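**Student:** Handing over target-v8.pdb, PDB, C-alpha atoms, pLDDT in the B column.
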MODEL        1
ATOM      1  CA  MET A 438      12.547  16.104  -4.468  1.00 35.00           C
ATOM      2  CA  ASN A 439      10.808  16.724  -1.139  1.00 43.00           C
ATOM      3  CA  GLU A 440      11.843  15.668   2.365  1.00 45.00           C
ATOM      4  CA  LEU A 441       9.397  12.744   2.321  1.00 43.00           C
ATOM      5  CA  SER A 442      11.072  10.777  -0.459  1.00 43.00           C
ATOM      6  CA  GLY A 443      12.047   7.876   1.845  1.00 47.00           C
ATOM      7  CA  PHE A 444       9.888   5.434   3.766  1.00 67.00           C
ATOM      8  CA  GLY A 445      10.175   7.190   7.099  1.00 81.00           C
ATOM      9  CA  GLY A 446      11.818  10.067   8.762  1.00 87.00           C
ATOM     10  CA  ARG A 447      11.488  13.078  10.978  1.00 93.00           C
ATOM     11  CA  VAL A 448      10.676  16.756  10.694  1.00 95.00           C
ATOM     12  CA  THR A 449      11.066  19.495  13.272  1.00 95.00           C
ATOM     13  CA  SER A 450       8.076  21.460  14.505  1.00 96.00           C
ATOM     14  CA  ARG A 451       8.246  25.194  15.221  1.00 95.00           C
ATOM     15  CA  ASP A 452       8.969  24.652  18.927  1.00 95.00           C
ATOM     16  CA  GLY A 453      11.804  22.219  18.176  1.00 95.00           C
ATOM     17  CA  THR A 454       9.810  19.033  18.749  1.00 94.00           C
ATOM     18  CA  THR A 455      10.730  16.160  16.457  1.00 94.00           C
ATOM     19  CA  VAL A 456       7.779  14.658  14.594  1.00 94.00           C
ATOM     20  CA  ALA A 457       8.184  11.157  13.140  1.00 91.00           C
ATOM     21  CA  TYR A 458       6.365  10.119   9.968  1.00 91.00           C
ATOM     22  CA  GLU A 459       6.001   7.147   7.662  1.00 89.00           C
ATOM     23  CA  ARG A 460       5.564   7.447   3.905  1.00 88.00           C
ATOM     24  CA  ASP A 461       3.954   4.816   1.707  1.00 89.00           C
ATOM     25  CA  GLY A 462       3.111   4.648  -1.970  1.00 87.00           C
ATOM     26  CA  ASP A 463       4.212   6.362  -5.134  1.00 76.00           C
ATOM     27  CA  GLY A 464       0.881   7.242  -6.747  1.00 70.00           C
ATOM     28  CA  ASP A 465       0.729  10.003  -9.317  1.00 68.00           C
ATOM     29  CA  GLY A 466      -1.313  12.455  -7.240  1.00 73.00           C
ATOM     30  CA  PRO A 467      -0.145  14.972  -4.663  1.00 82.00           C
ATOM     31  CA  PRO A 468       0.480  13.458  -1.226  1.00 92.00           C
ATOM     32  CA  LEU A 469      -2.178  12.725   1.348  1.00 95.00           C
ATOM     33  CA  VAL A 470      -1.315  13.382   4.992  1.00 96.00           C
ATOM     34  CA  LEU A 471      -3.199  11.225   7.514  1.00 96.00           C
ATOM     35  CA  VAL A 472      -3.920  12.775  10.903  1.00 95.00           C
ATOM     36  CA  GLY A 473      -4.776  10.007  13.352  1.00 89.00           C
ATOM     37  CA  GLY A 474      -7.380  10.296  16.043  1.00 84.00           C
ATOM     38  CA  ALA A 475      -5.144   9.272  18.935  1.00 70.00           C
ATOM     39  CA  PRO A 476      -2.320  11.613  19.995  1.00 65.00           C
ATOM     40  CA  GLY A 477       0.945   9.822  20.634  1.00 52.00           C
ATOM     41  CA  THR A 478       0.394   7.260  17.873  1.00 50.00           C
ATOM     42  CA  ALA A 479       0.877   7.035  14.124  1.00 48.00           C
ATOM     43  CA  ASP A 480      -2.290   5.071  13.567  1.00 57.00           C
ATOM     44  CA  GLY A 481      -3.827   4.643  10.139  1.00 79.00           C
ATOM     45  CA  ARG A 482      -1.386   2.081   8.717  1.00 83.00           C
ATOM     46  CA  ALA A 483      -4.170  -0.044   7.242  1.00 89.00           C
ATOM     47  CA  LEU A 484      -5.831   2.991   5.654  1.00 92.00           C
ATOM     48  CA  ALA A 485      -2.456   4.257   4.413  1.00 90.00           C
ATOM     49  CA  GLY A 486      -1.706   0.905   2.812  1.00 90.00           C
ATOM     50  CA  LEU A 487      -4.998   0.909   0.947  1.00 92.00           C
ATOM     51  CA  LEU A 488      -4.698   4.513  -0.253  1.00 92.00           C
ATOM     52  CA  ALA A 489      -1.013   4.226  -1.172  1.00 90.00           C
ATOM     53  CA  ARG A 490      -1.999   2.286  -4.265  1.00 84.00           C
ATOM     54  CA  ARG A 491      -3.142   5.594  -5.760  1.00 88.00           C
ATOM     55  CA  PHE A 492      -1.550   8.403  -3.718  1.00 89.00           C
ATOM     56  CA  PRO A 493       1.671   8.935  -1.790  1.00 91.00           C
ATOM     57  CA  VAL A 494       0.483   8.743   1.832  1.00 93.00           C
ATOM     58  CA  VAL A 495       2.177  10.229   4.880  1.00 93.00           C
ATOM     59  CA  ALA A 496       1.149   9.210   8.416  1.00 91.00           C
ATOM     60  CA  TYR A 497       2.785  10.858  11.397  1.00 92.00           C
ATOM     61  CA  GLY A 498       2.849  10.485  15.166  1.00 86.00           C
ATOM     62  CA  ARG A 499       0.827  13.146  16.961  1.00 89.00           C
ATOM     63  CA  ARG A 500       2.293  14.476  20.195  1.00 87.00           C
ATOM     64  CA  ALA A 501       0.576  13.339  23.373  1.00 79.00           C
ATOM     65  CA  HIS A 502       0.842  16.747  25.089  1.00 78.00           C
ATOM     66  CA  GLY A 503       1.219  20.341  23.984  1.00 77.00           C
ATOM     67  CA  GLY A 504      -2.191  21.621  23.007  1.00 86.00           C
ATOM     68  CA  ALA A 505      -3.950  22.452  19.764  1.00 89.00           C
ATOM     69  CA  GLU A 506      -1.609  25.259  18.696  1.00 93.00           C
ATOM     70  CA  ARG A 507       1.439  23.012  18.956  1.00 95.00           C
ATOM     71  CA  GLU A 508      -0.350  20.249  17.059  1.00 95.00           C
ATOM     72  CA  VAL A 509      -1.178  22.662  14.231  1.00 96.00           C
ATOM     73  CA  GLU A 510       2.527  23.565  14.134  1.00 97.00           C
ATOM     74  CA  ASP A 511       3.418  19.854  13.961  1.00 97.00           C
ATOM     75  CA  LEU A 512       1.024  19.359  11.052  1.00 97.00           C
ATOM     76  CA  ALA A 513       2.502  22.452   9.377  1.00 97.00           C
ATOM     77  CA  ALA A 514       5.966  20.859   9.536  1.00 97.00           C
ATOM     78  CA  VAL A 515       4.691  17.620   8.017  1.00 96.00           C
ATOM     79  CA  LEU A 516       2.821  19.520   5.287  1.00 95.00           C
ATOM     80  CA  ALA A 517       5.906  21.591   4.466  1.00 93.00           C
ATOM     81  CA  ALA A 518       7.915  18.404   4.027  1.00 89.00           C
ATOM     82  CA  ALA A 519       5.147  16.696   2.028  1.00 89.00           C
ATOM     83  CA  GLY A 520       4.948  19.555  -0.463  1.00 81.00           C
ATOM     84  CA  PRO A 521       2.506  22.302  -1.368  1.00 73.00           C
ATOM     85  CA  GLY A 522      -1.166  21.486  -1.499  1.00 79.00           C
ATOM     86  CA  ALA A 523      -1.030  18.068   0.134  1.00 93.00           C
ATOM     87  CA  ALA A 524      -4.466  16.675   0.899  1.00 96.00           C
ATOM     88  CA  VAL A 525      -5.280  15.969   4.544  1.00 97.00           C
ATOM     89  CA  HIS A 526      -7.533  13.336   6.113  1.00 97.00           C
ATOM     90  CA  GLY A 527      -8.299  13.274   9.824  1.00 96.00           C
ATOM     91  CA  THR A 528     -10.228  10.740  11.868  1.00 94.00           C
ATOM     92  CA  GLY A 529     -11.872  11.729  15.161  1.00 94.00           C
ATOM     93  CA  THR A 530      -9.793  14.399  16.899  1.00 93.00           C
ATOM     94  CA  GLY A 531      -7.450  14.235  13.915  1.00 94.00           C
ATOM     95  CA  GLY A 532     -10.324  15.587  11.830  1.00 96.00           C
ATOM     96  CA  ALA A 533     -10.768  18.522  14.185  1.00 96.00           C
ATOM     97  CA  LEU A 534      -7.017  19.178  13.925  1.00 96.00           C
ATOM     98  CA  ALA A 535      -7.153  19.018  10.101  1.00 97.00           C
ATOM     99  CA  LEU A 536      -9.965  21.594  10.090  1.00 98.00           C
ATOM    100  CA  ALA A 537      -8.119  23.821  12.579  1.00 97.00           C
ATOM    101  CA  ALA A 538      -5.034  23.702  10.358  1.00 96.00           C
ATOM    102  CA  ALA A 539      -7.064  24.607   7.265  1.00 97.00           C
ATOM    103  CA  ALA A 540      -8.766  27.457   9.154  1.00 97.00           C
ATOM    104  CA  ALA A 541      -5.338  28.698  10.281  1.00 96.00           C
ATOM    105  CA  GLY A 542      -4.342  29.071   6.643  1.00 95.00           C
ATOM    106  CA  LEU A 543      -1.958  26.137   6.275  1.00 95.00           C
ATOM    107  CA  PRO A 544      -1.424  25.274   2.592  1.00 91.00           C
ATOM    108  CA  VAL A 545      -3.681  22.237   2.270  1.00 94.00           C
ATOM    109  CA  GLY A 546      -5.413  20.689  -0.690  1.00 94.00           C
ATOM    110  CA  PRO A 547      -8.700  18.849  -0.201  1.00 97.00           C
ATOM    111  CA  VAL A 548      -9.564  17.890   3.383  1.00 98.00           C
ATOM    112  CA  SER A 549     -11.592  14.908   4.508  1.00 98.00           C
ATOM    113  CA  VAL A 550     -12.711  14.203   8.057  1.00 98.00           C
ATOM    114  CA  TYR A 551     -14.358  11.219   9.690  1.00 97.00           C
ATOM    115  CA  GLU A 552     -16.546  11.978  12.701  1.00 97.00           C
ATOM    116  CA  PRO A 553     -14.514  14.810  14.218  1.00 97.00           C
ATOM    117  CA  PRO A 554     -15.643  16.227  17.549  1.00 95.00           C
ATOM    118  CA  ARG A 555     -16.924  19.777  17.579  1.00 93.00           C
ATOM    119  CA  THR A 556     -14.202  22.287  16.887  1.00 92.00           C
ATOM    120  CA  ASP A 557     -13.722  25.913  17.886  1.00 92.00           C
ATOM    121  CA  ALA A 558     -11.886  26.624  14.614  1.00 94.00           C
ATOM    122  CA  PRO A 559     -13.386  29.470  12.560  1.00 97.00           C
ATOM    123  CA  LEU A 560     -14.945  27.246   9.904  1.00 97.00           C
ATOM    124  CA  ASP A 561     -15.733  30.169   7.606  1.00 97.00           C
ATOM    125  CA  ARG A 562     -11.953  30.503   7.079  1.00 97.00           C
ATOM    126  CA  VAL A 563     -11.634  26.973   5.645  1.00 97.00           C
ATOM    127  CA  SER A 564     -11.233  27.556   1.917  1.00 95.00           C
ATOM    128  CA  ALA A 565     -10.345  23.954   1.068  1.00 95.00           C
ATOM    129  CA  ARG A 566     -12.923  21.583  -0.315  1.00 96.00           C
ATOM    130  CA  VAL A 567     -13.979  19.258   2.496  1.00 98.00           C
ATOM    131  CA  LEU A 568     -15.600  15.832   2.655  1.00 98.00           C
ATOM    132  CA  VAL A 569     -17.316  15.156   6.002  1.00 98.00           C
ATOM    133  CA  VAL A 570     -17.990  11.456   6.602  1.00 98.00           C
ATOM    134  CA  ASP A 571     -19.851   9.602   9.348  1.00 98.00           C
ATOM    135  CA  GLY A 572     -20.937   6.054  10.031  1.00 98.00           C
ATOM    136  CA  GLY A 573     -24.533   4.917   9.590  1.00 98.00           C
ATOM    137  CA  PHE A 574     -24.388   2.959  12.874  1.00 98.00           C
ATOM    138  CA  SER A 575     -22.839   5.818  14.842  1.00 98.00           C
ATOM    139  CA  PRO A 576     -25.015   7.582  17.435  1.00 98.00           C
ATOM    140  CA  ALA A 577     -27.648   9.956  16.049  1.00 97.00           C
ATOM    141  CA  GLU A 578     -25.904  12.945  17.689  1.00 97.00           C
ATOM    142  CA  THR A 579     -22.630  12.100  15.903  1.00 97.00           C
ATOM    143  CA  ARG A 580     -24.370  11.838  12.532  1.00 98.00           C
ATOM    144  CA  ARG A 581     -26.262  15.087  13.134  1.00 98.00           C
ATOM    145  CA  ALA A 582     -23.019  16.860  14.095  1.00 98.00           C
ATOM    146  CA  ALA A 583     -21.388  15.656  10.848  1.00 98.00           C
ATOM    147  CA  ARG A 584     -24.258  17.053   8.769  1.00 98.00           C
ATOM    148  CA  GLU A 585     -24.140  20.347  10.672  1.00 98.00           C
ATOM    149  CA  LEU A 586     -20.377  20.556  10.173  1.00 98.00           C
ATOM    150  CA  ALA A 587     -20.740  20.057   6.420  1.00 98.00           C
ATOM    151  CA  ALA A 588     -23.403  22.770   6.318  1.00 98.00           C
ATOM    152  CA  ALA A 589     -21.170  25.185   8.278  1.00 97.00           C
ATOM    153  CA  LEU A 590     -18.177  24.802   5.958  1.00 98.00           C
ATOM    154  CA  PRO A 591     -18.063  26.983   2.829  1.00 96.00           C
ATOM    155  CA  ARG A 592     -17.105  24.187   0.396  1.00 96.00           C
ATOM    156  CA  ALA A 593     -18.141  20.876   1.937  1.00 98.00           C
ATOM    157  CA  ARG A 594     -20.197  17.815   1.222  1.00 97.00           C
ATOM    158  CA  HIS A 595     -21.376  15.061   3.512  1.00 98.00           C
ATOM    159  CA  ARG A 596     -21.426  11.287   3.177  1.00 98.00           C
ATOM    160  CA  THR A 597     -22.640   8.511   5.475  1.00 98.00           C
ATOM    161  CA  LEU A 598     -21.041   5.063   5.311  1.00 98.00           C
ATOM    162  CA  THR A 599     -23.719   2.435   5.797  1.00 97.00           C
ATOM    163  CA  GLY A 600     -23.002  -0.055   8.567  1.00 97.00           C
ATOM    164  CA  GLN A 601     -20.012   1.818   9.997  1.00 97.00           C
ATOM    165  CA  THR A 602     -19.444   3.106  13.519  1.00 96.00           C
ATOM    166  CA  HIS A 603     -16.812   5.482  14.913  1.00 93.00           C
ATOM    167  CA  GLU A 604     -14.356   2.598  14.473  1.00 92.00           C
ATOM    168  CA  VAL A 605     -14.643   2.751  10.677  1.00 94.00           C
ATOM    169  CA  ALA A 606     -13.268  -0.161   8.652  1.00 95.00           C
ATOM    170  CA  PRO A 607     -10.296   1.037   6.570  1.00 95.00           C
ATOM    171  CA  HIS A 608     -11.403  -1.032   3.568  1.00 96.00           C
ATOM    172  CA  VAL A 609     -14.754   0.810   3.604  1.00 97.00           C
ATOM    173  CA  LEU A 610     -13.342   4.303   4.097  1.00 97.00           C
ATOM    174  CA  ALA A 611     -10.414   4.018   1.658  1.00 96.00           C
ATOM    175  CA  PRO A 612     -12.439   3.856  -1.593  1.00 97.00           C
ATOM    176  CA  VAL A 613     -14.582   6.821  -0.507  1.00 97.00           C
ATOM    177  CA  LEU A 614     -11.491   8.921   0.184  1.00 96.00           C
ATOM    178  CA  ALA A 615      -9.796   7.763  -3.016  1.00 94.00           C
ATOM    179  CA  GLU A 616     -12.872   8.690  -5.046  1.00 95.00           C
ATOM    180  CA  PHE A 617     -13.077  12.141  -3.417  1.00 96.00           C
ATOM    181  CA  LEU A 618      -9.375  12.852  -3.945  1.00 94.00           C
ATOM    182  CA  ALA A 619      -9.354  11.552  -7.524  1.00 91.00           C
ATOM    183  CA  GLU A 620     -12.368  13.714  -8.357  1.00 92.00           C
ATOM    184  CA  GLU A 621     -10.714  16.791  -6.842  1.00 89.00           C
ATOM    185  CA  LEU A 622      -7.485  16.045  -8.703  1.00 83.00           C
ATOM    186  CA  ARG A 623      -9.317  15.634 -12.052  1.00 85.00           C
ATOM    187  CA  GLU A 624     -11.219  18.890 -11.576  1.00 83.00           C
ATOM    188  CA  ASP A 625      -8.113  20.822 -10.630  1.00 78.00           C
ATOM    189  CA  ARG A 626      -6.022  19.358 -13.444  1.00 77.00           C
ATOM    190  CA  ALA A 627      -8.769  20.309 -15.899  1.00 79.00           C
ATOM    191  CA  ALA A 628      -8.689  23.839 -14.481  1.00 77.00           C
ATOM    192  CA  GLY A 629      -4.872  23.823 -14.484  1.00 72.00           C
ATOM    193  CA  THR A 630      -4.671  24.656 -10.794  1.00 69.00           C
ATOM    194  CA  GLY A 631      -3.524  21.536  -8.924  1.00 62.00           C
ATOM    195  CA  TRP A 632      -4.871  20.862  -5.425  1.00 55.00           C
ATOM    196  CA  SER A 633      -3.620  24.054  -3.866  1.00 48.00           C
TER     197      SER A 633
ENDMDL
END
Show me this structure written as structure tokens.
**Tutor:**
Amino acid sequence: MNELSGFGGRVTSRDGTTVAYERDGDGDGPPLVLVGGAPGTADGRALAGLLARRFPVVAYGRRAHGGAEREVEDLAAVLAAAGPGAAVHGTGTGGALALAAAAAGLPVGPVSVYEPPRTDAPLDRVSARVLVVDGGFSPAETRRAARELAAALPRARHRTLTGQTHEVAPHVLAPVLAEFLAEELREDRAAGTGWS
């Protein structure tokens, strides 16, 4: 049993900061950790509720201050509690954080990101399979950056959601993420490797 077996709780980051999380769902796949786009909030409840029908989903509150290194440490604590190979999805700056964590070698399964800003993370170090998603009604520069990000990652694919902007509708994003994660889970189970 892992530390995230209840509906909510706390983990301690490397610097002693307490990180609160919420857990939803009892699906049969490995957990999915949601990294929200706004530090200081545990946003993503609607998305978590939709995905929890198929996967255990963990959403946590990002710290408002502390910098990228501390945020990677926070995500590491949540991932350690969630269990090895948890998938990660990040929206906006949460996507950049998810990629930074994967590049830093945290034990992540598949990673999906929705319109992350440019990141200084060494993308060639991201060994996880990545889904990069953007909205069809987002600015052209945002869509171009998403395509360029997918091309820069060793194991990535790109998808555009028709009619969506940076404020993506959870009911539109959820089935795309669920399909990606289910496909990755099927492939890894067939290979006998799991997500990690």
**Student:** Which is closest to Asp452 in chain A among A:Val548, A:Ala518, A:Val509, A:Ala583, if we use all atoms listed in the file?
**Tutor:**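 The answer is A:Val509, which sits nearest to Asp452 in chain A.
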**Student:** With the file shown as input, list the residues that the PyMOL selection byres ((chain A and resi 460) around 6) selects, as a VMD selection string.
**Tutor:** chain A and resid 444 to 445 459 461 494 to 495
**Student:** Enter the distance from CA of Val456 in chain A to CA of Val609 in chain A, in Å, rounded to one decimal.
**Tutor:**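 Result for CA of Val456 in chain A versus CA of Val609 in chain A: 28.6 Å, one decimal.
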**Student:** Fewer than 5 positions away in the same chain doesn't count, so skip those; otherwise give me all residues within 7 Å of range 523-535 of chain A, counting all atoms listed in the file, as a PyMOL selection string.
**Tutor:** chain A and resi 467-474+509+516+545-554+556
**Student:** Restricting the calculation to all atoms listed in the file, which member of A:Gly522, A:Gly572, A:Pro544, A:Pro559 is positioned closest to Thr597 in chain A?
**Tutor:** A:Gly572
**Student:** How would you write as a ChimeraX atom specification the residues that get within 10 Å of (-2.4, 2.4, -10.8) in the file's frame, counting only C-alpha atoms?
**Tutor:** /A:463-465,489-492
**Student:** Could you check the closest approach to Gly481 in chain A for each of A:Asp571, A:Glu604, A:Glu585, A:Glu508 and tell me which residue wins, using all atoms listed in the file?
**Tutor:** A:Glu604
**Student:** If the PyMOL selection byres ((chain A and resi 590-593) around 9) is run on the structure shown, which residues does it catch, given as a list in words?
**Tutor:** Leu560, Asp561, Arg562, Val563, Ser564, Ala565, Arg566, Val567, Leu568, Val569, Glu585, Leu586, Ala587, Ala588, Ala589, Arg594 and His595 of chain A
**Student:** Enumerate, as a list of chain:residue names, the protein, DNA and RNA residues whose atoms approach (-6.7, 3.4, 6.4) to within 9 Å, taking into account all atoms listed in the file and the coordinate frame of the file.
**Tutor:** A:Leu471, A:Asp480, A:Gly481, A:Arg482, A:Ala483, A:Leu484, A:Ala485, A:Gly486, A:Leu487, A:Leu488, A:Ala606, A:Pro607, A:His608, A:Val609, A:Leu610, A:Ala611
**Student:** Those selected residues, please, written with C-alpha atoms and delivered as an mmCIF file, keeping the file's coordinate frame.
**Tutor:**
data_model
loop_
_atom_site.group_PDB
_atom_site.id
_atom_site.type_symbol
_atom_site.label_atom_id
_atom_site.label_comp_id
_atom_site.auth_asym_id
_atom_site.auth_seq_id
_atom_site.Cartn_x
_atom_site.Cartn_y
_atom_site.Cartn_z
ATOM 1 C CA LEU A 471 -3.199 11.225 7.514
ATOM 2 C CA ASP A 480 -2.290 5.071 13.567
ATOM 3 C CA GLY A 481 -3.827 4.643 10.139
ATOM 4 C CA ARG A 482 -1.386 2.081 8.717
ATOM 5 C CA ALA A 483 -4.170 -0.044 7.242
ATOM 6 C CA LEU A 484 -5.831 2.991 5.654
ATOM 7 C CA ALA A 485 -2.456 4.257 4.413
ATOM 8 C CA GLY A 486 -1.706 0.905 2.812
ATOM 9 C CA LEU A 487 -4.998 0.909 0.947
ATOM 10 C CA LEU A 488 -4.698 4.513 -0.253
ATOM 11 C CA ALA A 606 -13.268 -0.161 8.652
ATOM 12 C CA PRO A 607 -10.296 1.037 6.570
ATOM 13 C CA HIS A 608 -11.403 -1.032 3.568
ATOM 14 C CA VAL A 609 -14.754 0.810 3.604
ATOM 15 C CA LEU A 610 -13.342 4.303 4.097
ATOM 16 C CA ALA A 611 -10.414 4.018 1.658
#
**Student:** Please report, as JSON, the centre and edge lengths in Å to one decimal of an axis-aligned box covering all listed atoms of range 558-568 of chain A with 3 Å per side.
**Tutor:**
{"center_x": -13.0, "center_y": 23.2, "center_z": 7.1, "size_x": 11.4, "size_y": 20.7, "size_z": 20.9}
**Student:** Give me, please, the distance in Å between CA of Val605 in chain A and CA of Arg581 in chain A, quoted to one decimal.
**Tutor:** 17.1 Å
**Student:** Evaluating the PyMOL selection byres ((chain A and resi 455) around 12) on the displayed file yields which residues, as a list of chain:residue names?
**Tutor:**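 This file, filtered by the PyMOL selection byres ((chain A and resi 455) around 12), leaves A:Gly446, A:Arg447, A:Val448, A:Thr449, A:Ser450, A:Arg451, A:Asp452, A:Gly453, A:Thr454, A:Val456, A:Ala457, A:Tyr458, A:Tyr497, A:Gly498, A:Arg499, A:Arg500, A:Arg507, A:Glu508, A:Glu510, A:Asp511, A:Leu512, A:Ala514, A:Val515.
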**Student:** A:Leu618, A:Ala558, A:Ala582, A:Ala541: which is nearest Val570 in chain A, counting only C-alpha atoms?
**Tutor:**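 Of the candidates, the smallest distance to Val570 in chain A is held by A:Ala582.
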**Student:** Compare A:Arg555, A:Arg596, A:Arg580, A:Arg626 by their minimum atom-to-atom distance to Leu614 in chain A, counting all atoms listed in the file, and give me the closest one.
**Tutor:**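 Counting all atoms listed in the file, the residue closest to Leu614 in chain A is A:Arg596.
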**Student:** With N, CA and C atoms as the target, complete range 453-468 of chain A and hand it back as a PDB file, in the coordinates of the input.
**Tutor:**
ATOM      1  N   GLY A 453      10.644  23.094  18.075  1.00 95.00           N
ATOM      2  CA  GLY A 453      11.804  22.219  18.176  1.00 95.00           C
ATOM      3  C   GLY A 453      11.478  20.758  18.395  1.00 95.00           C
ATOM      4  N   THR A 454      10.208  20.422  18.552  1.00 94.00           N
ATOM      5  CA  THR A 454       9.810  19.033  18.749  1.00 94.00           C
ATOM      6  C   THR A 454      10.009  18.239  17.464  1.00 94.00           C
ATOM      7  N   THR A 455      10.547  17.038  17.601  1.00 94.00           N
ATOM      8  CA  THR A 455      10.730  16.160  16.457  1.00 94.00           C
ATOM      9  C   THR A 455       9.448  15.374  16.220  1.00 94.00           C
ATOM     10  N   VAL A 456       9.005  15.359  14.978  1.00 94.00           N
ATOM     11  CA  VAL A 456       7.779  14.658  14.594  1.00 94.00           C
ATOM     12  C   VAL A 456       8.154  13.552  13.617  1.00 94.00           C
ATOM     13  N   ALA A 457       7.876  12.299  13.997  1.00 91.00           N
ATOM     14  CA  ALA A 457       8.184  11.157  13.140  1.00 91.00           C
ATOM     15  C   ALA A 457       7.034  10.912  12.168  1.00 91.00           C
ATOM     16  N   TYR A 458       7.366  10.451  10.974  1.00 91.00           N
ATOM     17  CA  TYR A 458       6.365  10.119   9.968  1.00 91.00           C
ATOM     18  C   TYR A 458       6.752   8.845   9.236  1.00 91.00           C
ATOM     19  N   GLU A 459       5.780   8.273   8.564  1.00 89.00           N
ATOM     20  CA  GLU A 459       6.001   7.147   7.662  1.00 89.00           C
ATOM     21  C   GLU A 459       5.379   7.509   6.330  1.00 89.00           C
ATOM     22  N   ARG A 460       6.056   7.176   5.243  1.00 88.00           N
ATOM     23  CA  ARG A 460       5.564   7.447   3.905  1.00 88.00           C
ATOM     24  C   ARG A 460       5.354   6.130   3.183  1.00 88.00           C
ATOM     25  N   ASP A 461       4.261   6.035   2.443  1.00 89.00           N
ATOM     26  CA  ASP A 461       3.954   4.816   1.707  1.00 89.00           C
ATOM     27  C   ASP A 461       3.373   5.202   0.358  1.00 89.00           C
ATOM     28  N   GLY A 462       3.724   4.473  -0.660  1.00 87.00           N
ATOM     29  CA  GLY A 462       3.111   4.648  -1.970  1.00 87.00           C
ATOM     30  C   GLY A 462       3.812   5.654  -2.848  1.00 87.00           C
ATOM     31  N   ASP A 463       3.614   5.481  -4.140  1.00 76.00           N
ATOM     32  CA  ASP A 463       4.212   6.362  -5.134  1.00 76.00           C
ATOM     33  C   ASP A 463       3.185   6.769  -6.185  1.00 76.00           C
ATOM     34  N   GLY A 464       1.926   6.878  -5.793  1.00 70.00           N
ATOM     35  CA  GLY A 464       0.881   7.242  -6.747  1.00 70.00           C
ATOM     36  C   GLY A 464       1.194   8.543  -7.456  1.00 70.00           C
ATOM     37  N   ASP A 465       0.426   8.843  -8.494  1.00 68.00           N
ATOM     38  CA  ASP A 465       0.729  10.003  -9.317  1.00 68.00           C
ATOM     39  C   ASP A 465       0.105  11.307  -8.814  1.00 68.00           C
ATOM     40  N   GLY A 466      -0.694  11.238  -7.763  1.00 73.00           N
ATOM     41  CA  GLY A 466      -1.313  12.455  -7.240  1.00 73.00           C
ATOM     42  C   GLY A 466      -0.448  13.109  -6.189  1.00 73.00           C
ATOM     43  N   PRO A 467      -0.823  14.336  -5.791  1.00 82.00           N
ATOM     44  CA  PRO A 467      -0.145  14.972  -4.663  1.00 82.00           C
ATOM     45  C   PRO A 467      -0.311  14.128  -3.397  1.00 82.00           C
ATOM     46  N   PRO A 468       0.543  14.292  -2.421  1.00 92.00           N
ATOM     47  CA  PRO A 468       0.480  13.458  -1.226  1.00 92.00           C
ATOM     48  C   PRO A 468      -0.768  13.696  -0.386  1.00 92.00           C
TER      49      PRO A 468
END
